[in-house]
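Containing mmCIF, C-alpha atoms: my_file-v1.cif.
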```cif
data_structure
loop_
_atom_site.label_atom_id
_atom_site.label_comp_id
_atom_site.auth_asym_id
_atom_site.auth_seq_id
_atom_site.Cartn_x
_atom_site.Cartn_y
_atom_site.Cartn_z
CA VAL J 1 -18.97 15.45 -4.88
CA ARG J 2 -20.65 18.12 -2.79
CA GLY J 3 -21.31 17.08 0.80
CA THR J 4 -22.41 20.37 2.30
CA GLY J 5 -25.63 22.30 2.69
CA ALA J 6 -26.64 25.47 0.90
CA ARG J 7 -24.41 27.62 3.12
CA GLY J 8 -21.40 25.33 2.95
CA GLU J 9 -21.96 23.60 6.27
CA ALA J 10 -21.16 19.88 6.41
CA ALA J 11 -24.62 18.42 6.91
CA PRO J 12 -24.77 14.68 7.78
CA GLY J 13 -27.44 13.97 5.18
CA ALA J 14 -25.46 15.74 2.48
CA VAL J 15 -22.28 13.85 3.38
CA ALA J 16 -24.14 10.54 3.28
CA ALA J 17 -25.68 11.43 -0.07
CA GLY J 18 -22.23 12.39 -1.36
CA ILE J 19 -20.79 9.00 -0.41
CA ARG J 20 -23.62 7.23 -2.23
CA SER J 21 -23.27 9.47 -5.29
CA ALA J 22 -19.53 8.83 -5.52
CA ALA J 23 -20.07 5.08 -5.22
CA ASP J 24 -22.75 5.17 -7.92
CA ALA J 25 -20.44 7.15 -10.20
CA GLY J 26 -17.82 4.38 -10.06
CA ALA J 27 -15.36 5.74 -7.49
CA ARG J 28 -13.18 3.06 -5.91
CA VAL J 29 -11.87 5.31 -3.14
CA VAL J 30 -14.02 7.95 -1.43
CA TYR J 31 -12.32 10.61 0.69
CA VAL J 32 -14.56 12.40 3.19
CA GLY J 33 -12.91 15.56 4.49
CA VAL J 34 -15.14 16.21 7.50
CA ALA J 35 -15.63 14.75 10.98
CA LEU J 36 -19.13 15.11 12.44
CA THR J 37 -20.63 14.24 15.80
CA LEU J 38 -24.12 13.74 14.36
CA GLY J 39 -25.56 11.67 11.56
CA ARG J 40 -24.33 8.23 12.54
CA PRO J 41 -27.36 6.29 11.19
CA GLU J 42 -27.43 7.84 7.74
CA MET J 43 -23.65 7.78 7.30
CA THR J 44 -23.45 4.17 8.50
CA ALA J 45 -26.03 3.25 5.87
CA ALA J 46 -24.12 5.21 3.20
CA VAL J 47 -20.80 3.53 4.09
CA ALA J 48 -22.50 0.11 4.02
CA TYR J 49 -23.87 0.98 0.57
CA ALA J 50 -20.37 1.93 -0.63
CA THR J 51 -18.85 -1.19 0.92
CA ARG J 52 -21.28 -3.41 -0.99
CA LYS J 53 -19.97 -1.76 -4.16
CA ASP J 54 -16.36 -2.50 -3.06
CA VAL J 55 -15.60 1.16 -2.39
CA LEU J 56 -13.03 2.15 0.25
CA VAL J 57 -13.99 5.15 2.40
CA VAL J 58 -11.28 7.21 4.15
CA ALA J 59 -12.03 9.96 6.66
CA PRO J 60 -10.35 12.08 9.37
CA ALA J 61 -10.59 10.77 12.93
CA ALA J 62 -11.30 14.29 14.24
CA PRO J 63 -11.99 17.76 12.86
CA ASP J 64 -9.06 20.00 11.99
CA ALA J 65 -10.00 22.45 14.75
CA LEU J 66 -12.64 22.91 17.42
CA PRO J 67 -14.50 26.12 18.32
CA SER J 68 -12.67 28.13 20.96
CA SER J 69 -14.16 28.65 24.39
CA SER J 70 -16.67 31.47 24.59
CA GLY J 71 -16.45 34.30 27.05
CA ILE J 72 -14.02 37.19 27.53
CA GLY J 73 -10.78 36.04 29.07
CA ALA J 74 -11.88 32.41 29.13
CA ALA J 75 -9.02 29.96 28.78
CA PRO J 76 -9.39 27.47 25.96
CA SER J 77 -10.26 24.01 27.16
CA ALA J 78 -9.86 20.84 25.16
CA PRO J 79 -13.00 18.69 25.23
CA PRO J 80 -12.57 14.96 25.81
CA ALA J 81 -12.01 12.71 22.83
CA GLN J 82 -15.17 11.46 21.18
CA PRO J 83 -16.14 9.44 18.12
CA TYR J 84 -16.60 11.33 14.87
CA PHE J 85 -18.39 10.18 11.76
CA PRO J 86 -17.98 8.71 9.26
CA ALA J 87 -14.49 7.84 10.56
CA PHE J 88 -15.77 5.80 13.53
CA ILE J 89 -17.76 3.45 11.29
CA PRO J 90 -15.85 0.11 11.18
CA GLN J 91 -15.46 -0.12 7.39
CA VAL J 92 -13.95 3.36 7.17
CA VAL J 93 -10.18 3.95 7.38
CA SER J 94 -9.90 6.49 10.19
CA VAL J 95 -6.85 8.78 10.02
CA GLU J 96 -5.12 11.13 12.46
CA ASP J 97 -2.42 13.69 11.70
CA PHE J 98 1.19 14.11 12.81
CA GLY J 99 3.90 16.71 12.25
CA GLU J 100 7.58 16.75 11.33
CA ASP J 101 8.69 15.50 14.74
CA GLY J 102 6.23 12.61 14.70
CA SER J 103 3.87 14.13 17.26
CA ARG J 104 0.45 15.67 16.77
CA PRO J 105 0.24 19.46 16.42
CA LYS J 106 -0.23 21.55 19.54
CA ASP J 107 -3.88 22.12 20.50
CA ALA J 108 -5.05 19.57 17.92
CA PRO J 109 -8.42 17.98 18.75
CA SER J 110 -8.14 14.81 20.80
CA ILE J 111 -8.43 11.53 18.92
CA PHE J 112 -10.83 8.86 20.18
CA ALA J 113 -9.54 6.13 17.86
CA ALA J 114 -7.67 5.94 14.56
CA ASP J 115 -6.56 3.19 12.19
CA GLN J 116 -3.64 5.10 10.75
CA ALA J 117 -1.59 8.29 11.05
CA ALA J 118 -0.26 10.39 8.17
CA PRO J 119 1.46 13.77 7.64
CA GLY J 120 -1.01 16.54 8.39
CA ASP J 121 0.84 19.46 9.98
CA ALA J 122 1.97 22.49 7.92
CA VAL J 123 1.06 20.76 4.65
CA VAL J 124 1.94 22.92 1.63
CA SER J 125 -0.32 22.78 -1.41
CA ILE J 126 -2.09 24.97 -3.91
CA GLY J 127 -4.68 27.41 -2.61
CA PRO J 128 -8.38 27.54 -3.47
CA LYS J 129 -7.72 30.42 -5.87
CA GLY J 130 -5.10 32.97 -6.84
CA ILE J 131 -1.34 32.48 -6.88
CA GLY J 132 1.02 31.25 -4.21
CA HIS J 133 0.70 28.36 -1.79
CA PHE J 134 -1.69 27.28 0.93
CA ILE J 135 -0.42 25.91 4.26
CA GLY J 136 -2.84 23.91 6.35
CA SER J 137 -2.93 21.45 9.23
CA GLY J 138 -5.36 18.86 10.44
CA SER J 139 -6.53 15.28 10.21
CA SER J 140 -8.46 16.04 7.02
CA LEU J 141 -5.14 16.62 5.24
CA ALA J 142 -3.69 13.44 6.72
CA ALA J 143 -6.73 11.50 5.52
CA ALA J 144 -6.20 12.93 2.04
CA ASN J 145 -2.69 11.44 2.04
CA VAL J 146 -4.08 8.03 2.96
CA ALA J 147 -6.85 8.26 0.36
CA GLY J 148 -4.31 9.17 -2.31
CA THR J 149 -2.18 6.17 -1.37
CA ALA J 150 -5.25 3.93 -1.50
CA ALA J 151 -6.00 5.23 -5.00
CA LEU J 152 -2.46 4.38 -6.10
CA ILE J 153 -2.81 0.87 -4.71
CA ARG J 154 -6.13 0.29 -6.45
CA ALA J 155 -4.71 1.58 -9.73
CA TYR J 156 -1.61 -0.59 -9.41
CA GLU J 157 -3.42 -3.75 -8.25
CA PRO J 158 -7.06 -3.39 -9.37
CA ARG J 159 -7.87 -6.98 -8.36
CA LEU J 160 -7.56 -6.17 -4.66
CA THR J 161 -10.79 -5.58 -2.77
CA ALA J 162 -11.45 -2.49 -0.68
CA ALA J 163 -10.94 -4.52 2.51
CA GLU J 164 -7.60 -5.84 1.22
CA VAL J 165 -6.45 -2.31 0.40
CA ALA J 166 -7.43 -1.10 3.87
CA ARG J 167 -5.47 -3.92 5.47
CA ARG J 168 -2.45 -3.31 3.25
CA LEU J 169 -2.35 0.36 4.27
CA VAL J 170 -2.00 -0.64 7.92
CA VAL J 171 0.19 -3.73 7.55
CA SER J 172 2.76 -1.90 5.41
CA ALA J 173 2.91 1.15 7.70
CA TYR J 174 5.71 2.11 10.07
CA PRO J 175 5.14 0.38 13.44
CA ALA J 176 3.73 2.75 16.05
CA ALA J 177 0.84 3.01 18.50
CA VAL J 178 -1.08 4.26 15.48
CA PRO J 179 0.65 2.89 12.34
CA LEU J 180 2.33 5.61 10.27
CA LEU J 181 1.53 5.70 6.57
CA ASP J 182 4.28 4.50 4.21
CA PRO J 183 3.01 5.05 0.65
CA TYR J 184 5.96 3.36 -1.06
CA ALA J 185 5.73 0.25 1.09
CA ALA J 186 1.96 0.12 0.66
CA VAL J 187 2.22 -0.02 -3.12
CA SER J 188 5.32 -2.24 -3.37
CA ALA J 189 4.02 -4.64 -0.72
CA VAL J 190 0.85 -5.15 -2.73
CA SER J 191 2.94 -5.99 -5.77
CA SER J 192 4.98 -8.50 -3.77
CA MET J 193 1.85 -10.08 -2.36
CA ALA J 194 0.32 -10.49 -5.81
CA THR J 195 3.54 -11.93 -7.17
CA ALA J 196 3.79 -14.42 -4.32
CA ALA J 197 0.25 -15.58 -4.99
CA ALA J 198 0.96 -16.35 -8.62
CA VAL J 199 1.31 -19.99 -9.66
CA PRO J 200 5.03 -20.75 -10.18
CA GLN J 201 6.00 -21.89 -13.68
CA PRO J 202 8.64 -24.61 -14.22
CA GLU J 203 11.96 -23.25 -15.34
CA ARG J 204 14.74 -24.99 -17.22
CA ALA J 205 17.61 -25.92 -14.95
CA VAL J 206 20.65 -23.72 -15.30
CA ARG J 207 24.05 -25.32 -14.79
CA MET J 208 27.18 -23.31 -14.20
CA PRO J 209 30.13 -24.26 -16.45
CA ARG J 210 32.86 -26.29 -14.82
CA HIS J 211 35.84 -24.28 -13.63
CA ASP J 212 39.13 -25.77 -14.76
CA SER J 213 42.11 -24.53 -12.81
CA GLN J 214 45.21 -23.63 -14.76
CA ALA J 215 48.77 -24.06 -13.54
#
```
Structure re-expressed in structure tokens:
Amino acid sequence: VRGTGARGEAAPGAVAAGIRSAADAGARVVYVGVALTLGRPEMTAAVAYATRKDVLVVAPAAPDALPSSSGIGAAPSAPPAQPYFPAFIPQVVSVEDFGEDGSRPKDAPSIFAADQAAPGDAVVSIGPKGIGHFIGSGSSLAAANVAGTAALIRAYEPRLTAAEVARRLVVSAYPAAVPLLDPYAAVSAVSSMATAAAVPQPERAVRMPRHDSQA
């Protein structure tokens, strides 16, 4: 669903409209690949609209990169962490990235708050066109990993609500300051939870045969 303006810029109104359109089309998981500083009111309303339709929204906690400092010879300076939208909206699963060593990439934008962390450094995938591979880094790629896991959970256990899926993503994650995504545990834990909730059926008692010792 397109969430950009005519020139490809991520406009808050377009992102909000995209969330609503995806929810209306029957999506159960909506991945938003941008992090914006503006547009809180309209995106909050769009997320609330999706939540009422039991849609889970996942978004990056920060943009993949920030504009470099202007001026000749000016040293780059990292701005302080700040909320980005729609990730900062409470119903949204906010995701930050980490690399192979478990830390965030060098010079990555500061994170104000995140619900979960997922692989997002030097991610290899297909490119937008042509042959070969595309290598990218950023929280938007990490959020895509979380959204994909959420889609697997909802396909495997369709009875779970969006809120239950969001909780399962975090509860099943590797323990850390920001829980680290574990896709296998997220799906298998949901299965275990559903099984445990089932009403037990009486089973016929099984008796082991007597063991007679022989001289």
Pick the closest to Thr51 of chain J from J:Ala16, J:Ala189, J:Ala162, J:Ala177: which is it, counting only C-alpha atoms? J:Ala162
Kindly extract all protein, DNA and RNA residues lying within 12 Å of the coordinates (-18.5, 11.4, -3.3) given in the file, considering all atoms listed in the file, and supply them as a PyMOL selection string. chain J and resi 1-4+14-33+46-47+50+55-59
Judged by only C-alpha atoms, the minimum distance to Thr44 of chain J among J:Ala6, J:Ala185, J:Val92, J:Ala11 is found for J:Val92
If I take atom CA of Gly99 of chain J and atom CA of Ile111 of chain J, how far is one from the other in Å, to one decimal?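 According to the coordinates, atom CA of Gly99 of chain J and atom CA of Ile111 of chain J are separated by 14.9 Å.
Put simply, the PyMOL selection byres ((chain J and resi 63) around 8) on this file hits Val34, Ala35, Leu36, Pro60, Ala61, Ala62, Asp64, Ala65, Leu66, Pro109, Gly138, Ser139 and Ser140 of chain J.
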Can you give me, as a PyMOL selection string, the residues this file yields under the PyMOL selection byres ((chain J and resi 122-124) around 10)? chain J and resi 98-100+105+119-121+125-127+133-138+141-142
Apply the PyMOL selection byres ((chain J and resi 179) around 10) to the file shown and report the selected residues as a list in words. Val95, Ala114, Asp115, Gln116, Ala117, Ala118, Leu169, Val170, Val171, Ser172, Ala173, Tyr174, Pro175, Ala176, Ala177, Val178, Leu180, Leu181 and Asp182 of chain J
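You will find atom CA of Pro79 of chain J at 11.3 Å from atom CA of Phe112 of chain J.
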Using atom CA of Arg167 of chain J and atom CA of Ala151 of chain J as the two end points, give the distance in Å to one decimal. 13.9 Å
Could you give me the centre and size, in Å to one decimal, of an axis-aligned box around all listed atoms of segment 50-61 of chain J with 8 Å added on every side, as JSON?
```
{"center_x": -15.8, "center_y": 4.3, "center_z": 4.4, "size_x": 26.9, "size_y": 31.5, "size_z": 33.1}
```
